[in-house]
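Shown here: structure_6.txt, compact mmCIF, C-alpha atoms.
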# COMPACT_ATOMS: atom_id res chain seq x y z
CA MET B 1 158.46 230.53 236.89
CA GLY B 2 154.75 230.84 237.51
CA VAL B 3 152.24 228.19 238.55
CA LEU B 4 152.01 225.14 236.29
CA LEU B 5 148.70 223.37 235.80
CA THR B 6 147.83 219.73 236.03
CA GLU B 7 146.60 218.07 232.85
CA GLU B 8 143.00 218.24 234.13
CA GLU B 9 143.28 221.92 235.05
CA GLN B 10 144.87 222.64 231.67
CA LEU B 11 141.96 221.03 229.82
CA LYS B 12 139.38 222.98 231.85
CA CYS B 13 141.12 226.27 231.09
CA GLU B 14 141.42 225.49 227.39
CA GLU B 15 137.73 224.61 227.13
CA SER B 16 136.84 228.19 228.07
CA VAL B 17 139.16 229.73 225.46
CA SER B 18 138.37 230.02 221.76
CA PHE B 19 140.66 228.46 219.16
CA GLU B 20 141.42 231.94 217.78
CA LYS B 21 142.69 233.19 221.14
CA LYS B 22 144.72 230.05 221.73
CA ARG B 23 146.28 230.40 218.28
CA LEU B 24 147.18 234.01 219.06
CA LEU B 25 148.85 232.92 222.30
CA ALA B 26 150.70 230.15 220.48
CA VAL B 27 151.98 232.50 217.76
CA HIS B 28 153.10 235.06 220.35
CA GLU B 29 155.00 232.54 222.47
CA ALA B 30 156.44 230.78 219.42
CA GLY B 31 157.97 234.10 218.35
CA HIS B 32 159.99 234.31 221.57
CA ILE B 33 161.01 230.66 221.28
CA VAL B 34 162.21 230.88 217.67
CA LEU B 35 164.36 233.96 218.23
CA ALA B 36 165.90 232.50 221.38
CA HIS B 37 166.98 229.40 219.45
CA LEU B 38 168.40 231.38 216.53
CA PHE B 39 171.20 232.72 218.71
CA PRO B 40 174.15 230.32 219.12
CA ARG B 41 174.54 231.15 222.82
CA PHE B 42 171.33 232.49 224.31
CA ASP B 43 169.92 231.33 227.67
CA TRP B 44 169.16 227.62 227.98
CA HIS B 45 165.50 227.01 227.15
CA ALA B 46 163.88 224.59 229.61
CA PHE B 47 160.29 224.61 228.32
CA SER B 48 157.35 226.74 227.21
CA GLN B 49 153.70 226.16 228.00
CA LEU B 50 150.42 227.82 227.10
CA LEU B 51 148.15 228.66 230.03
CA PRO B 52 144.99 229.96 228.32
CA GLY B 53 142.30 231.08 230.73
CA GLY B 54 144.73 231.43 233.61
CA LYS B 55 146.27 234.51 235.22
CA GLU B 56 149.34 234.04 233.04
CA THR B 57 148.50 233.25 229.42
CA ALA B 58 151.82 231.52 228.70
CA ILE B 59 155.17 230.85 230.27
CA SER B 60 158.66 230.22 228.95
CA VAL B 61 161.43 229.19 231.31
CA PHE B 62 165.03 230.07 230.46
CA TYR B 63 168.20 229.67 232.52
CA PRO B 64 171.41 231.66 231.95
CA ARG B 65 174.25 229.60 230.51
CA GLU B 66 177.18 228.90 232.78
CA ASP B 67 179.59 230.99 230.74
CA MET B 68 177.26 233.99 231.14
CA VAL B 69 176.98 233.53 234.89
CA ASP B 70 180.72 233.03 235.28
CA GLN B 71 181.41 236.38 233.64
CA GLY B 72 179.70 238.10 236.57
CA TYR B 73 178.26 240.92 234.48
CA THR B 74 175.86 241.52 231.63
CA THR B 75 177.59 242.11 228.32
CA PHE B 76 176.40 244.51 225.65
CA GLY B 77 175.83 241.65 223.22
CA TYR B 78 173.83 239.68 225.78
CA MET B 79 171.53 242.67 226.39
CA LYS B 80 171.03 242.98 222.65
CA MET B 81 170.02 239.31 222.40
CA GLN B 82 167.58 239.71 225.29
CA MET B 83 165.95 242.66 223.59
CA VAL B 84 165.60 240.83 220.27
CA VAL B 85 163.98 237.84 221.97
CA ALA B 86 161.64 240.13 223.92
CA HIS B 87 160.44 241.55 220.58
CA GLY B 88 159.54 238.02 219.45
CA GLY B 89 155.91 237.92 220.59
CA ARG B 90 154.67 241.12 219.00
CA CYS B 91 156.82 240.62 215.88
CA ALA B 92 155.43 237.11 215.41
CA GLU B 93 151.91 238.55 215.60
CA ARG B 94 152.85 241.03 212.86
CA VAL B 95 154.34 238.30 210.66
CA VAL B 96 151.28 236.05 210.98
CA PHE B 97 148.37 238.46 211.46
CA GLY B 98 149.61 241.76 210.02
CA ASN B 99 150.27 245.04 211.81
CA ASP B 100 147.10 244.92 213.93
CA VAL B 101 148.88 243.45 216.97
CA THR B 102 147.38 243.05 220.43
CA ASP B 103 148.48 244.73 223.64
CA GLY B 104 149.28 241.33 225.13
CA GLY B 105 152.97 242.11 224.89
CA ARG B 106 152.86 245.01 227.34
CA ASP B 107 155.29 243.27 229.68
CA ASP B 108 157.57 242.66 226.70
CA LEU B 109 157.58 246.39 225.88
CA GLU B 110 158.50 247.28 229.45
CA LYS B 111 161.37 244.79 229.36
CA ILE B 112 162.55 246.05 225.97
CA THR B 113 162.57 249.66 227.16
CA LYS B 114 164.43 248.78 230.35
CA ILE B 115 167.12 246.86 228.45
CA ALA B 116 167.47 249.66 225.90
CA ARG B 117 168.03 252.17 228.70
CA GLU B 118 170.81 250.03 230.11
CA MET B 119 172.37 249.78 226.65
CA VAL B 120 172.23 253.56 226.22
CA ILE B 121 174.29 254.15 229.35
CA SER B 122 176.51 251.10 228.87
CA PRO B 123 180.23 251.94 228.68
CA GLN B 124 180.19 250.27 225.25
CA ASN B 125 177.95 253.04 223.90
CA THR B 126 180.61 255.54 222.87
CA ARG B 127 178.11 258.27 222.05
CA LEU B 128 176.26 258.32 225.36
CA GLY B 129 177.67 255.62 227.59
CA LEU B 130 177.89 255.82 231.35
CA THR B 131 181.29 257.53 231.28
CA ALA B 132 180.29 260.08 228.66
CA LEU B 133 176.95 260.70 230.36
CA THR B 134 178.63 261.27 233.73
CA LYS B 135 180.93 263.87 232.19
CA ARG B 136 178.14 265.62 230.32
CA VAL B 137 175.78 266.07 233.25
CA GLY B 138 178.46 266.54 235.88
CA LEU B 139 177.66 263.54 238.06
CA VAL B 140 180.01 262.65 240.88
CA ASP B 141 181.04 259.06 241.40
CA ARG B 142 178.58 257.24 243.65
CA PRO B 143 178.98 253.97 245.58
CA ASP B 144 177.71 250.86 243.88
CA SER B 145 174.63 249.02 245.06
CA PRO B 146 175.06 246.16 247.57
CA ASP B 147 174.21 243.59 244.91
CA GLY B 148 176.89 244.99 242.64
CA GLU B 149 174.55 245.69 239.70
CA LEU B 150 176.10 248.96 238.67
CA ILE B 151 174.05 249.75 235.58
CA ARG B 152 170.70 248.97 237.17
CA TYR B 153 171.57 250.95 240.28
CA ARG B 154 172.66 253.99 238.35
CA TRP B 155 169.62 253.92 236.11
CA ASP B 156 167.08 253.40 238.90
CA ASP B 157 168.61 256.22 240.92
CA PRO B 158 166.59 259.34 239.94
CA GLN B 159 169.75 261.43 240.30
CA VAL B 160 171.36 259.66 237.35
CA ILE B 161 169.29 261.53 234.78
CA PRO B 162 168.72 264.96 236.36
CA ALA B 163 165.61 266.88 235.40
CA ASN B 164 167.80 269.84 234.47
CA MET B 165 169.93 267.97 231.94
CA THR B 166 170.66 269.96 228.82
CA LEU B 167 168.30 269.69 225.88
CA GLU B 168 171.17 268.32 223.79
CA VAL B 169 171.79 265.40 226.18
CA SER B 170 168.07 264.73 226.56
CA GLU B 171 167.52 264.55 222.79
CA LEU B 172 170.61 262.38 222.30
CA PHE B 173 169.42 260.01 225.03
CA SER B 174 165.98 259.69 223.38
CA ARG B 175 167.49 259.09 219.94
CA GLU B 176 169.83 256.40 221.24
CA LEU B 177 166.99 254.72 223.11
CA ALA B 178 164.80 254.64 219.98
CA ARG B 179 167.73 253.43 217.84
CA TYR B 180 168.42 250.37 219.97
CA ILE B 181 164.74 249.45 220.18
CA GLU B 182 164.20 249.83 216.42
CA GLU B 183 167.38 247.92 215.50
CA ALA B 184 166.37 245.01 217.73
CA GLU B 185 162.85 245.01 216.28
CA GLU B 186 164.18 244.94 212.71
CA LEU B 187 166.44 242.02 213.58
CA ALA B 188 163.55 240.17 215.22
CA MET B 189 161.30 240.69 212.19
CA ARG B 190 164.00 239.50 209.80
CA GLY B 191 164.69 236.42 211.89
CA LEU B 192 161.02 235.44 212.00
CA ARG B 193 160.43 236.09 208.29
CA ASP B 194 163.51 234.10 207.32
CA ASN B 195 162.36 231.26 209.58
CA ARG B 196 158.61 231.44 209.07
CA HIS B 197 158.45 227.67 208.56
CA ILE B 198 159.95 227.15 212.02
CA LEU B 199 157.59 229.71 213.57
CA ASP B 200 154.64 227.81 212.06
CA MET B 201 156.00 224.48 213.27
CA ILE B 202 156.38 225.60 216.88
CA THR B 203 152.99 227.32 216.80
CA LYS B 204 151.42 224.06 215.62
CA GLU B 205 153.20 222.12 218.36
CA LEU B 206 151.93 224.50 221.04
CA LEU B 207 148.40 224.36 219.66
CA GLU B 208 148.38 220.57 219.70
CA ASN B 209 150.22 219.90 222.96
CA SER B 210 150.22 223.27 224.80
CA ARG B 211 153.83 222.60 225.77
CA ILE B 212 157.26 222.18 224.20
CA THR B 213 160.73 221.80 225.69
CA GLY B 214 163.90 223.47 224.54
CA LEU B 215 165.44 220.13 223.64
CA GLU B 216 162.42 219.31 221.46
CA VAL B 217 162.78 222.65 219.69
CA GLU B 218 166.47 222.02 219.00
CA GLU B 219 165.75 218.55 217.65
CA LYS B 220 162.91 219.72 215.39
CA MET B 221 164.95 222.64 214.03
CA LYS B 222 167.84 220.43 212.90
CA GLY B 223 166.11 219.28 209.75
CA LEU B 224 164.54 222.66 208.90
CA SER B 225 167.70 224.58 207.89
CA PRO B 226 167.24 227.59 210.21
CA VAL B 227 168.79 230.92 209.24
CA MET B 228 170.77 231.60 212.41
CA PHE B 229 171.82 234.90 213.94
CA GLU B 230 175.45 235.80 214.47
CA ASP B 231 176.93 235.25 217.91
CA PHE B 232 176.68 238.58 219.73
CA VAL B 233 178.51 237.29 222.79
CA LYS B 234 182.14 237.32 221.81
CA PRO B 235 185.07 236.92 224.23
CA PHE B 236 186.86 240.11 225.18
CA GLN B 237 190.07 240.38 223.19
CA ILE B 238 192.89 242.90 223.20
CA ASN B 239 194.83 243.73 220.08
CA LEU B 240 198.35 243.85 221.52
CA GLU B 241 199.61 245.81 218.52
CA GLU B 242 197.35 248.70 219.54
CA VAL B 243 198.81 248.82 223.08
CA PRO B 244 202.01 250.96 223.05
CA PHE B 245 203.96 248.86 225.59
CA PHE B 246 203.22 245.53 223.93
CA SER B 247 203.56 246.87 220.39
CA LYS B 248 207.17 247.71 221.19
CA LEU B 249 207.77 244.19 222.44
CA VAL B 250 206.11 242.67 219.39
CA GLY B 251 208.01 244.94 217.03
Kindly present the structure from the file in structure tokens form.
Amino acid sequence: MGVLLTEEEQLKCEESVSFEKKRLLAVHEAGHIVLAHLFPRFDWHAFSQLLPGGKETAISVFYPREDMVDQGYTTFGYMKMQMVVAHGGRCAERVVFGNDVTDGGRDDLEKITKIAREMVISPQNTRLGLTALTKRVGLVDRPDSPDGELIRYRWDDPQVIPANMTLEVSELFSRELARYIEEAEELAMRGLRDNRHILDMITKELLENSRITGLEVEEKMKGLSPVMFEDFVKPFQINLEEVPFFSKLVG
């Protein structure tokens, strides 16, 4: 969660930072905040705070919702939401300042790339999911990690993507990786452009108070007619008519 500052420490830090830099930080953080609140069921937003002049320039604290934790695994839709929100800082800079964005979102890019890799090998990716990838490169089944995080374990293991993989698989992997990143970026840009008035409102709030809570964001957005995203986290459902045994019973 980072180290929070007292009001006196906050003022001292802000005195050493120009208004232009503080505005840039506010726009960047507001981008993450807006996109997180456009999803019907993203992580619960506790608060966000600017920390100009400190080791961390800003901080946003989110907690997974209970229904996400109860599932015990990360869904494909949830990963997609995380990637869209991670794009928020740099995309907000583009919306407000143009394409000359800063490198302040380096951590965001690392997170985006990591999530995209997990999506590429997710079983829900029919073109190059974990099952298809295992068959293509001839991997044997390996034991899961102690913490049970199958996707992360398999990706972090250097043997998952052998150096001698075929050129076809390597190119397909790269294309899928780029596709997920670009699709999430496009969605982030559209969400921020459609809700530019909300982006400006949260930026203004951060500039004036350096801090905003998730509940305050929700309350302020109510009267601003936000253009929401669809709910990517849908419950798993089986069409019984497509299952031979049950289709006979139904028929």
*In Å, with one decimal, what is the gap from CA of Ser60 (chain B) to CA of Glu176 (chain B)?*
29.5 Å
*Between CA of Glu185 (chain B) and CA of Glu218 (chain B), measure the distance and give it in Å to one decimal.*
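Taking CA of Glu185 (chain B) as the start and CA of Glu218 (chain B) as the end point, the length is 23.4 Å.
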*Have a look at B:Leu50, B:Leu177, B:Val227, B:Ile115 and name the one nearest to Phe76 (chain B); count all atoms listed in the file.*
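Ranked by minimum distance to Phe76 (chain B), first place goes to B:Ile115.
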*Between CA of Glu118 (chain B) and CA of Met79 (chain B), distance in Å (one decimal)*: 8.3 Å
*Could you pull the residues within 9 Å of Leu206 (chain B), counting only C-alpha atoms, minus those fewer than 3 positions along the same chain, as JSON, numbers by chain?*
{"B": [23, 26, 27, 29, 30, 48, 49, 50, 201, 202, 203, 209, 210, 211, 212]}
Enumerate, as a compact mmCIF listing (two decimals) with C-alpha atoms, in the coordinates of the input, the protein, DNA and RNA residues whose atoms approach (159.1, 232.5, 223.0) to within 12 Å, taking into account all atoms listed in the file and the coordinate frame of the file.
# COMPACT_ATOMS: atom_id res chain seq x y z
CA LEU B 25 148.85 232.92 222.30
CA ALA B 26 150.70 230.15 220.48
CA VAL B 27 151.98 232.50 217.76
CA HIS B 28 153.10 235.06 220.35
CA GLU B 29 155.00 232.54 222.47
CA ALA B 30 156.44 230.78 219.42
CA GLY B 31 157.97 234.10 218.35
CA HIS B 32 159.99 234.31 221.57
CA ILE B 33 161.01 230.66 221.28
CA VAL B 34 162.21 230.88 217.67
CA LEU B 35 164.36 233.96 218.23
CA ALA B 36 165.90 232.50 221.38
CA HIS B 37 166.98 229.40 219.45
CA LEU B 38 168.40 231.38 216.53
CA ASP B 43 169.92 231.33 227.67
CA HIS B 45 165.50 227.01 227.15
CA ALA B 46 163.88 224.59 229.61
CA PHE B 47 160.29 224.61 228.32
CA SER B 48 157.35 226.74 227.21
CA GLN B 49 153.70 226.16 228.00
CA LEU B 50 150.42 227.82 227.10
CA ALA B 58 151.82 231.52 228.70
CA ILE B 59 155.17 230.85 230.27
CA SER B 60 158.66 230.22 228.95
CA VAL B 61 161.43 229.19 231.31
CA PHE B 62 165.03 230.07 230.46
CA GLN B 82 167.58 239.71 225.29
CA VAL B 84 165.60 240.83 220.27
CA VAL B 85 163.98 237.84 221.97
CA ALA B 86 161.64 240.13 223.92
CA HIS B 87 160.44 241.55 220.58
CA GLY B 88 159.54 238.02 219.45
CA GLY B 89 155.91 237.92 220.59
CA ARG B 90 154.67 241.12 219.00
CA CYS B 91 156.82 240.62 215.88
CA ALA B 92 155.43 237.11 215.41
CA GLU B 93 151.91 238.55 215.60
CA GLY B 105 152.97 242.11 224.89
CA ASP B 108 157.57 242.66 226.70
CA ALA B 188 163.55 240.17 215.22
CA LEU B 192 161.02 235.44 212.00
CA LEU B 199 157.59 229.71 213.57
CA ILE B 202 156.38 225.60 216.88
CA THR B 203 152.99 227.32 216.80
CA LEU B 206 151.93 224.50 221.04
CA ARG B 211 153.83 222.60 225.77
CA ILE B 212 157.26 222.18 224.20
CA THR B 213 160.73 221.80 225.69
CA GLY B 214 163.90 223.47 224.54
CA VAL B 217 162.78 222.65 219.69
*Smallest atom-to-atom distance to Ser174 (chain B): which of B:Lys220, B:Arg196, B:Arg117, B:Lys204, using all atoms listed in the file?*
B:Arg117
_Applying 12 Å and all atoms listed in the file, which residues near Gly77 (chain B) remain after dropping the ones on its own chain fewer than 3 positions away? List them as JSON, numbers by chain._
{"B": [39, 41, 42, 68, 73, 74, 80, 81, 82, 83, 84, 115, 116, 118, 119, 122, 124, 125, 180, 184, 230, 231, 232, 233, 234, 235, 236]}
